[in-house]
Each structure stands twice: as C-alpha cells, then as structure tokens.
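> Structure: protein_20.cif, mmCIF, C-alpha atoms.
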data_my_file
#
loop_
_atom_site.label_atom_id
_atom_site.label_comp_id
_atom_site.auth_asym_id
_atom_site.auth_seq_id
_atom_site.Cartn_x
_atom_site.Cartn_y
_atom_site.Cartn_z
CA MET A 1 47.48 76.30 20.98
CA LYS A 2 49.58 78.05 23.64
CA ARG A 3 48.22 81.45 22.59
CA PHE A 4 44.70 80.02 22.47
CA VAL A 5 45.03 78.94 26.11
CA PHE A 6 46.59 82.29 27.13
CA ALA A 7 43.80 84.21 25.36
CA PHE A 8 41.17 82.05 27.06
CA ILE A 9 42.69 82.50 30.54
CA ALA A 10 43.11 86.27 30.09
CA ALA A 11 39.54 86.64 28.75
CA PHE A 12 38.15 84.54 31.61
CA ILE A 13 40.00 86.54 34.28
CA PHE A 14 38.75 89.82 32.81
CA ILE A 15 35.13 88.58 32.47
CA PHE A 16 35.23 87.32 36.07
CA LEU A 17 36.65 90.54 37.55
CA TRP A 18 34.47 92.84 35.43
CA GLY A 19 31.35 90.77 36.20
CA TRP A 20 32.06 91.03 39.92
CA PHE A 21 32.92 94.74 39.86
CA TYR A 22 30.10 95.88 37.56
CA ASN A 23 27.27 93.66 38.80
CA SER A 24 28.13 93.29 42.49
CA VAL A 25 29.61 96.72 43.21
CA LEU A 26 28.47 99.32 40.64
CA LEU A 27 24.96 97.90 40.04
CA LYS A 28 24.35 96.68 43.59
CA ASP A 29 21.43 99.06 44.18
CA VAL A 30 19.93 98.44 40.74
CA PHE A 31 19.92 94.67 41.40
CA ALA A 32 18.30 95.31 44.77
CA GLU A 33 15.33 96.98 43.00
CA ALA A 34 14.56 93.68 41.22
CA GLN A 35 15.37 91.46 44.22
CA SER A 36 12.22 89.35 43.83
CA LEU A 37 13.55 87.99 40.53
CA PHE A 38 16.82 86.76 42.06
CA ARG A 39 17.85 84.04 44.45
CA PRO A 40 18.67 85.06 48.05
CA ARG A 41 22.37 85.98 48.49
CA GLY A 42 23.19 82.80 50.43
CA GLU A 43 21.73 80.64 47.69
CA ILE A 44 23.73 82.49 44.99
CA ILE A 45 26.95 81.91 46.96
CA GLY A 46 26.06 78.21 47.18
CA LEU A 47 25.68 78.10 43.38
CA PHE A 48 28.71 80.29 42.67
CA HIS A 49 30.51 77.51 40.77
CA TRP A 50 27.81 77.79 38.08
CA ILE A 51 28.83 81.42 37.54
CA ILE A 52 32.47 80.33 37.17
CA VAL A 53 31.53 77.60 34.68
CA GLY A 54 29.28 80.01 32.75
CA GLN A 55 31.96 82.70 32.53
CA ALA A 56 34.61 80.15 31.54
CA GLY A 57 32.25 78.83 28.84
CA LEU A 58 31.64 82.38 27.63
CA ALA A 59 35.39 83.09 27.41
CA LEU A 60 36.11 79.74 25.73
CA SER A 61 33.38 80.14 23.09
CA PHE A 62 34.53 83.71 22.40
CA VAL A 63 38.11 82.55 21.75
CA MET A 64 36.85 79.60 19.66
CA ILE A 65 34.75 81.87 17.43
CA TYR A 66 37.64 84.34 17.13
CA ALA A 67 40.10 81.57 16.24
CA SER A 68 37.67 80.08 13.71
CA GLY A 69 37.22 83.08 11.46
CA PHE A 70 38.34 86.40 12.93
CA ALA A 71 41.93 85.80 13.97
CA GLY A 72 43.57 87.37 10.91
CA GLY A 73 42.12 90.78 11.76
CA GLY A 74 43.89 91.31 15.08
CA ILE A 75 42.54 93.61 17.79
CA ALA A 76 40.04 95.36 15.48
CA ALA A 77 38.49 92.01 14.51
CA GLY A 78 38.33 90.99 18.18
CA VAL A 79 36.50 94.19 19.09
CA ARG A 80 34.16 93.76 16.10
CA LEU A 81 33.35 90.21 17.20
CA GLY A 82 32.73 91.43 20.75
CA ILE A 83 30.30 94.09 19.52
CA MET A 84 28.43 91.58 17.33
CA LEU A 85 28.12 89.02 20.12
CA GLU A 86 26.92 91.67 22.56
CA ILE A 87 24.28 92.86 20.09
CA LEU A 88 23.08 89.24 19.98
CA ALA A 89 23.04 89.23 23.79
CA VAL A 90 21.10 92.52 23.89
CA SER A 91 18.51 91.06 21.51
CA ALA A 92 18.16 88.08 23.87
CA ARG A 93 17.63 90.60 26.69
CA CYS A 94 14.77 92.13 24.66
CA ALA A 95 13.11 88.70 24.75
CA ILE A 96 13.82 88.50 28.50
CA TYR A 97 12.25 91.95 28.97
CA ALA A 98 9.13 90.71 27.16
CA THR A 99 8.75 87.67 29.40
CA GLN A 100 10.17 88.71 32.80
CA PRO A 101 9.15 91.81 34.79
CA PHE A 102 12.62 93.40 34.87
CA PRO A 103 12.69 97.22 34.96
CA ALA A 104 13.88 98.61 31.58
CA LYS A 105 16.60 100.57 33.42
CA PHE A 106 18.04 97.33 34.79
CA LEU A 107 18.36 95.70 31.35
CA LEU A 108 19.77 98.91 29.86
CA LEU A 109 22.52 99.13 32.48
CA VAL A 110 23.30 95.41 32.21
CA SER A 111 23.62 95.88 28.43
CA VAL A 112 25.99 98.85 28.85
CA GLY A 113 28.17 96.66 31.07
CA GLY A 114 27.87 93.84 28.53
CA PHE A 115 29.18 96.05 25.73
CA ILE A 116 32.18 97.12 27.81
CA GLU A 117 32.81 93.49 28.79
CA MET A 118 32.68 92.11 25.23
CA ILE A 119 34.66 94.98 23.64
CA VAL A 120 37.49 94.62 26.17
CA THR A 121 37.34 90.81 25.85
CA GLY A 122 37.69 91.23 22.07
CA LEU A 123 40.61 93.57 22.60
CA ILE A 124 42.36 91.10 24.93
CA VAL A 125 41.74 88.07 22.70
CA GLY A 126 42.71 90.00 19.55
CA ALA A 127 45.96 91.15 21.15
CA ILE A 128 46.96 87.71 22.46
CA TYR A 129 45.73 85.18 19.90
CA LYS A 130 47.48 85.17 16.53
CA PRO A 131 46.88 82.51 13.88
CA ALA A 132 49.88 80.38 12.95
CA VAL A 133 50.17 81.98 9.46
CA ALA A 134 50.23 85.54 10.86
CA ARG A 135 52.90 84.62 13.41
CA THR A 136 55.26 83.07 10.85
CA SER A 137 54.91 85.88 8.25
CA MET B 1 28.08 90.81 -0.29
CA ASP B 2 25.06 89.38 -2.11
CA TRP B 3 22.32 91.45 -0.46
CA LYS B 4 19.40 89.61 -2.11
CA LYS B 5 20.55 86.25 -0.75
CA PHE B 6 21.45 87.91 2.55
CA PHE B 7 17.90 89.22 2.87
CA ILE B 8 16.31 85.88 1.98
CA ALA B 9 18.62 84.07 4.44
CA PHE B 10 17.78 86.63 7.16
CA VAL B 11 14.00 86.27 6.62
CA ALA B 12 14.26 82.45 6.63
CA ALA B 13 16.40 82.52 9.80
CA PHE B 14 13.94 84.88 11.50
CA GLY B 15 10.98 82.65 10.49
CA PHE B 16 12.70 79.57 11.89
CA ILE B 17 13.89 81.23 15.12
CA PHE B 18 10.46 82.71 15.79
CA VAL B 19 8.51 79.48 15.13
CA PHE B 20 11.07 77.35 16.99
CA GLY B 21 11.07 79.76 19.93
CA PHE B 22 7.26 79.63 20.12
CA LEU B 23 7.16 75.82 19.97
CA TRP B 24 10.18 75.11 22.21
CA TYR B 25 10.06 77.83 24.84
CA GLY B 26 6.36 78.73 24.63
CA LYS B 27 4.72 75.31 24.22
CA LEU B 28 7.15 72.47 25.02
CA MET B 29 8.65 74.22 28.06
CA HIS B 30 5.40 75.81 29.22
CA GLY B 31 5.03 73.29 32.09
CA ALA B 32 8.60 73.81 33.27
CA HIS B 33 8.22 77.59 33.17
CA SER B 34 4.94 77.34 35.12
CA GLU B 35 6.86 75.87 38.09
CA VAL B 36 8.27 79.34 38.83
CA PRO B 37 5.36 81.68 37.99
CA ALA B 38 6.82 84.59 39.98
CA LEU B 39 9.55 84.97 37.38
CA TRP B 40 7.29 85.68 34.41
CA ARG B 41 5.04 88.52 33.40
CA PRO B 42 1.28 87.82 33.61
CA GLU B 43 -0.33 86.85 30.26
CA ALA B 44 -1.84 90.31 29.61
CA GLU B 45 1.39 92.11 30.46
CA PHE B 46 3.34 89.73 28.20
CA GLY B 47 0.95 90.67 25.37
CA ASN B 48 1.79 94.33 25.88
CA HIS B 49 5.52 93.56 25.66
CA PHE B 50 5.25 91.14 22.72
CA SER B 51 6.81 93.63 20.30
CA TRP B 52 10.07 93.39 22.30
CA LEU B 53 10.11 89.64 21.74
CA VAL B 54 9.63 90.07 17.98
CA PHE B 55 12.28 92.83 17.85
CA GLY B 56 14.74 90.64 19.77
CA HIS B 57 14.22 87.75 17.34
CA ILE B 58 14.67 90.06 14.31
CA VAL B 59 18.00 91.33 15.67
CA ILE B 60 19.20 87.80 16.51
CA ALA B 61 18.37 86.61 12.98
CA PHE B 62 19.97 89.68 11.37
CA PHE B 63 23.26 89.48 13.26
CA LEU B 64 23.53 85.71 12.94
CA THR B 65 23.09 86.14 9.17
CA LEU B 66 25.67 88.94 9.20
CA LEU B 67 28.15 86.76 11.15
CA CYS B 68 27.67 83.85 8.75
CA SER B 69 27.91 85.98 5.60
CA LYS B 70 31.00 87.87 6.78
CA PHE B 71 32.95 85.01 8.25
CA VAL B 72 31.74 82.02 6.26
CA PRO B 73 31.65 83.78 2.87
CA ALA B 74 31.44 80.54 0.89
CA GLY B 75 28.32 79.57 2.83
CA GLY B 76 27.28 75.94 3.20
CA PRO B 77 25.12 74.42 5.94
CA GLY B 78 27.99 72.62 7.77
CA PRO B 79 30.33 75.56 8.44
CA CYS B 80 27.43 77.94 9.23
CA ALA B 81 25.83 75.40 11.60
CA HIS B 82 29.26 75.12 13.27
CA LEU B 83 29.39 78.89 13.73
CA GLY B 84 25.79 78.88 14.97
CA ILE B 85 26.64 76.27 17.62
CA LEU B 86 29.66 78.32 18.75
CA VAL B 87 27.37 81.36 19.11
CA ALA B 88 24.90 79.16 21.05
CA LEU B 89 27.72 78.28 23.47
CA VAL B 90 28.00 81.99 24.36
CA TYR B 91 24.29 81.87 25.30
CA VAL B 92 24.81 78.61 27.21
CA GLY B 93 27.44 80.37 29.34
CA ASN B 94 24.87 83.04 30.14
CA ASP B 95 22.28 80.34 30.94
CA PHE B 96 24.63 78.88 33.59
CA ILE B 97 25.05 82.32 35.15
CA THR B 98 21.28 82.87 35.09
CA TYR B 99 20.80 79.54 36.89
CA ALA B 100 23.13 80.69 39.66
CA VAL B 101 21.41 84.04 40.23
CA GLN B 102 17.74 83.45 39.32
CA PRO B 103 15.52 80.76 40.87
CA ILE B 104 15.02 78.76 37.65
CA THR B 105 14.89 74.97 37.92
CA MET B 106 17.45 72.51 36.51
CA LYS B 107 14.74 71.41 34.04
CA ILE B 108 14.46 74.97 32.69
CA LEU B 109 18.26 75.30 32.48
CA CYS B 110 18.58 72.07 30.48
CA GLY B 111 15.68 73.09 28.23
CA TRP B 112 17.26 76.47 27.50
CA ILE B 113 20.67 74.91 26.75
CA VAL B 114 19.27 72.29 24.36
CA GLY B 115 16.97 74.91 22.80
CA ASN B 116 19.84 77.33 22.18
CA LEU B 117 22.04 74.66 20.60
CA ILE B 118 19.25 73.43 18.29
CA MET B 119 18.03 76.94 17.43
CA PHE B 120 21.41 78.45 16.54
CA GLY B 121 22.71 75.28 14.88
CA VAL B 122 19.68 74.89 12.60
CA ALA B 123 19.40 78.64 11.95
CA GLY B 124 23.08 78.64 10.94
CA ALA B 125 22.49 75.69 8.62
CA ILE B 126 19.50 77.47 7.03
CA ILE B 127 21.55 80.64 6.50
CA GLY B 128 24.46 78.65 5.08
CA THR B 129 22.19 76.80 2.68
CA ILE B 130 20.58 79.98 1.35
CA TYR B 131 23.49 82.42 1.50
CA LYS B 132 26.22 81.76 -0.96
CA SER B 133 28.44 84.61 -2.05
CA SER B 134 28.37 85.53 -5.75
CA THR B 135 32.18 85.54 -5.71
CA PRO B 136 33.71 82.15 -4.99
CA ALA B 137 35.57 82.56 -1.72
CA ALA B 138 37.03 79.95 0.53
CA SER B 139 35.32 79.44 3.86
CA GLN B 140 37.24 80.79 6.83
CA ILE B 141 35.43 78.48 9.21
CA PRO B 142 36.90 75.00 8.98
CA ASN B 143 34.29 72.39 8.11
CA SER B 144 33.54 70.38 11.20
#
Render the structure in this file as structure tokens.

Amino acid sequence: MKRFVFAFIAAFIFIFLWGWFYNSVLLKDVFAEAQSLFRPRGEIIGLFHWIIVGQAGLALSFVMIYASGFAGGGIAAGVRLGIMLEILAVSARCAIYATQPFPAKFLLLVSVGGFIEMIVTGLIVGAIYKPAVARTS
Amino acid sequence: MDWKKFFIAFVAAFGFIFVFGFLWYGKLMHGAHSEVPALWRPEAEFGNHFSWLVFGHIVIAFFLTLLCSKFVPAGGPGPCAHLGILVALVYVGNDFITYAVQPITMKILCGWIVGNLIMFGVAGAIIGTIYKSSTPAASQIPNS
C-alpha cells in the first residue's frame, strides 16, 4: 500500500509538471491557433482545480490498472501499459477530430506529448510499485 | 492467444461501442451538445470526417480486447468489466481536464463520464464473456 501511494504521488507530480510544461509552454502557440475552442485564460484559472482532480484521477487509475495485472513485469510492463493507454487516448482523439474543428497538427502534437507522458508515467510507476510477492522473493 | 475468439470479441466490442456511442453521444446527448454549437463541426463537415470516428472506435475496441486478453487471460465478464471500468477512469480524468479548458457544460461533463463508465464496463464484460483462453490460466485481475 505504501508503494502504491508513492507510485501514485510520483505519477501525479510528473503528469502535472509535464502537462504544464508541454501544453502551457511548448505548445502555447499551437493552442493559440485553436483559441475559439477553449475557455478564456481567466476562466481556465478559475476552473484549475478540475485539472488537478483530472490529473490525479489519471494517475490513480494508471496505478490501479498497473497494480491489478501488470505489476509483476516491472518497468517494461509499466511502459507497455502506458503505450496501450495512450493508444486508447489517441483513438479517442480521432473521434474528437471527427466532431470538433481542431487542426490535425494540434491533435498530432498533443498525442506526441501524450505518448511521452504515459511512457514516463509507466516507467515511474513500474520502478516504484512492486507487488508483495515480488518484494518478498 | 486464441486469435479466433480474440477476433470475435474485438468485433463484438466494436459493434457495441459504435452503437452505444451513436445512441448515447449522438442521440441522447444531442440536446446537451447543441447548447455549445461553436464547439462542433457543422453536419456536412462531420460527414466528411466520419471515417476518423469509425477508425477511432476500431482502435478503442482492438486495444481494449488486447488489454483484456493479455491481462485477464482466463476471461470472464466480471474481471474484464472491472478492467474496462479502470480504463474508463483514465478517460474520466481527461474529461475533467477538458471541462476546465473547453467551454463544455456540466451536463455534458456528467454525460461523458457516465457514458465512458457504461461503455467501457459493458464492452469489457462482452470481451470477457466471449474471450476465454484455450489454455486454462488464472486471472491476474482480482474478481471485484
């Protein structure tokens, strides 16, 4: 349980920092191109707690899935899970692209960032969380 | 891996996800989506991008089937529905973030969350019911 909590906290901190750096700094201009699809900056800051809750939920569900069936495989299994979950997220973005007028470039770059985020999250969770059996053997 | 059962489970999951998506997001939530028309493509433009929607659903069904078959090798609707709901929670996290950055309403957010949980839970149960490995293996996902 202790390692579960550590893995969750580490994953959450990484997702938060990466999300801020990639989306707010690196992709700032790309987001500006699709400004009409986003809330005004002041409104986003007012709803910032939803981002925190969403990222915490993302980290928690990642660790829960990893602990449920992947934990024996270590870092490699964590990275594999991250890749699989990001492919699912990319497929959801395909549906978003069909329904919302996002530029293709925007969704492509967000997906690149998503792959990096989920692979590193898998690496962190795989390195920290060990199932009880693996720890005692 | 039993590829025949994998394929049948994948097709069934795709069929369910596609029909559910049409009914839930396209019909049931149509009114809620109409409250923020600026966010969506016009009808004709959506038609031109429809293949992306189908492709997205195919990939979701394929990778959900792959996740279930790899990590719940014994199959069974309960453990696979459990895995499906955990996967849905990843999407729910993204829905919260979307709510913060895009001008969707609380009604849309709640509809997406409930839709994701039902869609992935039932799709997981369908996959688990159909896919059973030819070699008896113990499930790695604890039955919830």
> From the list A:Phe31, A:Phe38, A:Phe6, A:Trp20, which residue is nearest chain B when using all atoms listed in the file?
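Smallest separation from chain B among the options: A:Phe38.
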> Select, from B:Gly21, B:Gly111, B:Gly76, B:Pro37, the residue with the minimum atom-to-atom distance to Phe96 in chain B, counting only C-alpha atoms.
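Counting only C-alpha atoms, the residue closest to Phe96 in chain B is B:Gly111.
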> Restricting the calculation to all atoms listed in the file: of B:Phe120, B:Tyr131, B:Tyr91, B:Phe62, which residue gets closest to Phe10 in chain B?
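Nearest candidate to Phe10 in chain B out of B:Phe120, B:Tyr131, B:Tyr91, B:Phe62: B:Phe62.
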> CA of Tyr22 in chain A to CA of Ala34 in chain A: how many Å, to one decimal?
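It comes out at 16.1 Å.
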> Show me, as a VMD selection string, the residues that have an atom within 6 Å of Gly84 in chain B when counting all atoms listed in the file, minus same-chain residues fewer than 2 positions from it.
chain B and resid 81 to 82 86 to 87 120 to 121 124
> Could you write out as a ChimeraX atom specification the residues of chain A within 7 Å of chain B, counting only C-alpha atoms?
/A:37-39,44,47-48,50-51,54-55,57-58,61,65,68-69,84,88,91-92,94-95,98-101
> Give as number ranges by chain the residues that the PyMOL selection byres ((chain A and resi 79) around 8) matches when applied to the coordinates above.
A: 75-78, 80-83, 118-123, 126
> Expressed in Å to a single decimal, how great is the separation between CA of Phe22 in chain B and CA of Glu35 in chain B?
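A separation of 18.4 Å between them.
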> Can you tell me how far CA of Ala132 in chain A sits from CA of Lys2 in chain A, in Å to one decimal?
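Atom-to-atom, CA of Ala132 in chain A to CA of Lys2 in chain A, that is 10.9 Å.
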> Could you tell me, as a list in words, exactly which residues end up selected when the PyMOL selection byres ((chain B and resi 125) around 7) is applied to this structure?
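So the PyMOL selection byres ((chain B and resi 125) around 7) ends up selecting Pro77, Gly78, Cys80, Ala81, Gly121, Val122, Ala123, Gly124, Ile126, Ile127, Gly128 and Thr129 of chain B.
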> If I wrap all listed atoms of range 91-99 of chain A in a box with edges along x, y and z and add 6 Å on each side, what are its centre and edge lengths in Å to one decimal, as JSON?

{"center_x": 13.6, "center_y": 89.9, "center_z": 25.5, "size_x": 21.8, "size_y": 16.5, "size_z": 19.9}
> May I ask which of the residues B:Gly26, B:Ala32, B:Ala13, B:Trp3 is the closest one to Cys110 in chain B, counting all atoms listed in the file?
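Closest to Cys110 in chain B, using all atoms listed in the file: B:Ala32.
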